[in-house]
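Encoded as structure tokens, the structure appears first; notes follow it.
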Amino acid sequence: MSDLIFARAQMGFSLAFHIIFAVAGIALPLMMVIAEALWLKTGDEIYKTITKRWARGTAVLFAVGAVSGTVLSFELGLLWPEFMKWAGSIIGLPFALEGYAFFTEAIFLGIYLYGWDKVSKSMHLLSGCIVALSGALSAVFVVIANAWMNAPVGFKLVGNVATEIDPIMAMTSPAAFPQVLHMLIAAYASIGLLAAGVHAFLLLRDKQNVFHRRALGICLALGCTMALAEPLSGDILAQMVAHTQPIKLAALEGQFDTMRGAPLRIGGLPDVEKRKTPFSIELPKMLSVLAFHELDAEVKGLNDFPRDVWPPVLLVHLNFQIMVACGVIMGLVSLWAGALYAKTKKLPDSSVFLKTLICISPLGLLAIESGWMVTELGRQPWVIHGVLRTSHAVTPMPGLWLPFTTFLFVYIALAVIVVALLFREFSHSLDPVKESDHA
């Protein structure tokens with residue numbers, strides 16, 4: 001059992017670390033392409049400066065993401081050999097396609113970084129678009145593989161052996177589109193608002209700095225738009241979970257009894273012994289509405305399932321509440337930003353707004369971390385939902401505390417290096433560039 005704990009802890013920590021660089025690799029290239037497109041359209045050299053700074057940040061994050069992603073690929077084989085043996089032939093295709101997307105991104109990122117004076121402006125912009133598209137596709141293919149683990153299809157189970165394997169069908173599992181959509185929008189929202197918070201902090205110190213004003217405008221446009229779109233993708237994902245993983249839905253909401261017109265719970269601490277969720281605010285019938293779009297739809301409770309297939313209810317519920325709370329706050333601030341812009345037709349730059357933006361800027365990453373905790377913990381005790389238990393997939397190798405400790409220190413060292421490099425980039429942007437110089 002201790003080996004299972006260390007294997008899950010190592011995999012969980014690796015994923016939590018890597019996901020930060022993965023979402024940055026999705027959103028930051030798009031932001032730099034938008035900045036370059038604005039430079040080509042307006043001729044404003046500030047947009048070119050923004051593009052180059054974000055491109056260098058993209059390169060740093062891409063390099064570290066490549067390292068942490070490689071570690072994860074090794075961990076799949078070393079820590080979970082039975083899972084790879086069972087599922088490798090089914091989900092090998094999306095992982096292979098992710099490799100192609102990764103190499104494409106690396107090649108065109110090199111062209112983008114070093115081709116400013118070597119290729120035409122249109123070709124340079126096109127290379128940036130390919131970087132942005134490849135980064136998104138890398139995430140798409142990985143999330144497709146994870147979606148299959150939540151809603152496995154594309155094979156016939158004979159005994160405990162997968163036969164008649166159809167990799168294409170596996171890639172189009174019921175969970176694929178909802179998870180991919182939700183993940184991509186979350187990536188753009190989280191990194192857009194995180195970068196907005198950084199530029200808001202620097203703009204607060206020097207409100208005449210045109211570099212940060214223009215950068216903040218791009219960040220807000222992307223981050224706020226996606227933050228407002230995230231609830232729509234969440235609704236699609238919730239319906240998928242309700243139909244394919246009803247036990248996860250029950251754990252998300254601390255719903256122990258099966259009932260029609262089930263309430264949506266805000267807060268609360270599920271008590272698995274008493275099978276109740278005290279201290280919660282209940283919105284009558286809203287869970288049925290959100291999950292099935294019907295006021296009196298039946299929602300299955302945890303009591304309908306054997307106790308040994310329950311996920312860790314308290315952890316799943318709390319992480320879900322954190323994710324939703326972060327999303328709601330981000331959405332409200334985005335509406336505020338939109339209202340300010342609609343009223344003044346200018347960049348929202350009041351001190352109160354900028355300080356609020358700084359405070360909420362990390363919430364997107366917190367929501368992503370919590371959301372992945374919900375996805376993975378909510379599937380337990382299964383590594384492949386309803387097919388293969390996590391305890392049956394772990395390696396029999398003893399002494400897993402040693403690689404766990406080693407990778408922990410490696411990731412801490414990588415984090416320190418990344419923070420130092422990004423701080424260096426942002427400190428350069430503190431050079432005085434005034435609005436009057438670029439009116």
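Going through the structure tokens in order, the chains are called A, B, and so on, while each chain numbers its residues from 1 and the ligands are numbered from 1 in the order shown.
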
Skipping near chain neighbours, those fewer than 3 positions away, what residues fall within 10 Å of Ile90 of chain A using only C-alpha atoms, listed as a ChimeraX atom specification? /A:84-87,93-94,145,148,152-155,162-163,165-171

List every residue of segment 11-216 of chain A that DSSP, applied to the backbone of this structure, assigns to helix (DSSP H, G or I), and report them as a PyMOL selection string. chain A and resi 11-42+45-79+81-114+121-150+167-171+176-205+210-216

For Glu230 of chain A, please output as a ChimeraX atom specification all residues within 7 Å (counting only C-alpha atoms; exclusion window: fewer than 3 positions along the same chain). /A:182,185-186,226-227,233-234

Please report as a Markdown table every residue of segment 118-176 of chain A lying within 10 Å of segment 105-112 of chain A, along with the nearest atom pair and their distance in Å (one decimal), using only C-alpha atoms.
| residue | atom | partner | partner_atom | distance |
| --- | --- | --- | --- | --- |
| A:Lys118 | CA | A:Ile111 | CA | 9.0 |
| A:Val119 | CA | A:Ile111 | CA | 8.7 |
| A:Met123 | CA | A:Tyr112 | CA | 9.3 |
| A:His124 | CA | A:Tyr112 | CA | 6.1 |
| A:Leu125 | CA | A:Tyr112 | CA | 8.0 |
| A:Leu126 | CA | A:Tyr112 | CA | 9.0 |
| A:Ser127 | CA | A:Phe108 | CA | 5.5 |
| A:Gly128 | CA | A:Tyr112 | CA | 6.0 |
| A:Cys129 | CA | A:Phe108 | CA | 9.1 |
| A:Ile130 | CA | A:Phe108 | CA | 6.8 |
| A:Val131 | CA | A:Glu105 | CA | 4.8 |
| A:Ala132 | CA | A:Glu105 | CA | 7.8 |
| A:Leu133 | CA | A:Glu105 | CA | 8.1 |
| A:Ser134 | CA | A:Glu105 | CA | 5.2 |
| A:Gly135 | CA | A:Glu105 | CA | 6.4 |
| A:Ala136 | CA | A:Glu105 | CA | 9.7 |
| A:Leu137 | CA | A:Glu105 | CA | 9.6 |
| A:Ser138 | CA | A:Glu105 | CA | 8.9 |

Which neighbours of Gly301 of chain A fall inside 9 Å, counting only C-alpha atoms, when residues of the same chain fewer than 2 positions from it are skipped, and could you give them as an mmCIF file with N, CA and C atoms, in the first residue's frame?
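Printed below is out-v5.cif as written:
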data_model
loop_
_atom_site.group_PDB
_atom_site.id
_atom_site.type_symbol
_atom_site.label_atom_id
_atom_site.label_comp_id
_atom_site.auth_asym_id
_atom_site.auth_seq_id
_atom_site.Cartn_x
_atom_site.Cartn_y
_atom_site.Cartn_z
ATOM 1 N N PRO A 246 -21.680 8.782 -12.944
ATOM 2 C CA PRO A 246 -22.613 9.304 -11.944
ATOM 3 C C PRO A 246 -22.061 9.286 -10.524
ATOM 4 N N ILE A 247 -21.163 8.359 -10.234
ATOM 5 C CA ILE A 247 -20.588 8.321 -8.885
ATOM 6 C C ILE A 247 -19.676 9.524 -8.655
ATOM 7 N N LEU A 249 -20.144 12.490 -10.078
ATOM 8 C CA LEU A 249 -21.064 13.608 -9.879
ATOM 9 C C LEU A 249 -21.570 13.643 -8.445
ATOM 10 N N ALA A 250 -21.900 12.477 -7.911
ATOM 11 C CA ALA A 250 -22.386 12.413 -6.531
ATOM 12 C C ALA A 250 -21.316 12.885 -5.556
ATOM 13 N N ALA A 251 -20.059 12.502 -5.812
ATOM 14 C CA ALA A 251 -18.973 12.927 -4.935
ATOM 15 C C ALA A 251 -18.725 14.429 -5.052
ATOM 16 N N GLY A 254 -21.420 15.957 -2.943
ATOM 17 C CA GLY A 254 -21.738 15.388 -1.635
ATOM 18 C C GLY A 254 -23.158 14.871 -1.585
ATOM 19 N N GLN A 255 -23.592 14.244 -2.685
ATOM 20 C CA GLN A 255 -24.964 13.744 -2.817
ATOM 21 C C GLN A 255 -24.977 12.261 -2.429
ATOM 22 N N PHE A 256 -25.515 11.960 -1.260
ATOM 23 C CA PHE A 256 -25.503 10.578 -0.784
ATOM 24 C C PHE A 256 -26.762 9.823 -1.175
ATOM 25 N N ASP A 257 -27.899 10.482 -1.185
ATOM 26 C CA ASP A 257 -29.165 9.817 -1.498
ATOM 27 C C ASP A 257 -29.581 10.092 -2.939
ATOM 28 N N THR A 258 -30.080 9.062 -3.603
ATOM 29 C CA THR A 258 -30.648 9.253 -4.937
ATOM 30 C C THR A 258 -31.961 10.015 -4.819
ATOM 31 N N MET A 259 -32.126 11.040 -5.637
ATOM 32 C CA MET A 259 -33.351 11.825 -5.539
ATOM 33 C C MET A 259 -33.615 12.590 -6.823
ATOM 34 N N VAL A 299 -30.942 12.206 -9.858
ATOM 35 C CA VAL A 299 -29.492 12.195 -9.656
ATOM 36 C C VAL A 299 -29.161 11.062 -8.707
ATOM 37 N N ASN A 303 -24.969 6.346 -2.112
ATOM 38 C CA ASN A 303 -25.505 5.151 -1.464
ATOM 39 C C ASN A 303 -25.937 4.069 -2.456
ATOM 40 N N ASP A 304 -26.087 4.435 -3.728
ATOM 41 C CA ASP A 304 -26.466 3.466 -4.754
ATOM 42 C C ASP A 304 -25.279 2.644 -5.248
ATOM 43 N N PHE A 305 -24.060 2.990 -4.785
ATOM 44 C CA PHE A 305 -22.860 2.313 -5.268
ATOM 45 C C PHE A 305 -22.153 1.624 -4.108
#

Separation of atom CA of Glu369 of chain A from atom CA of Ile329 of chain A in Å: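 Between these atoms lies a distance of 16.1 Å.
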
Quick one: of A:Gln10, A:Thr405, A:Thr51, A:Ser280, who's nearest to Leu79 of chain A, counting only C-alpha atoms?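 Ranking A:Gln10, A:Thr405, A:Thr51, A:Ser280 by distance to Leu79 of chain A, first place goes to A:Gln10.
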
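What separates atom CA of Val333 of chain A from atom CA of Ala176 of chain A is a distance of 29.6 Å.
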
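Shortest atom-to-atom contact with Ala55 of chain A among A:Val71, A:Leu38, A:Ile358, A:Leu28: A:Leu28, counting only C-alpha atoms.
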
Given only C-alpha atoms as the basis, pick out the residue of A:Ala187, A:Cys224, A:Leu237, A:Leu76 nearest to Ala339 of chain A. A:Cys224
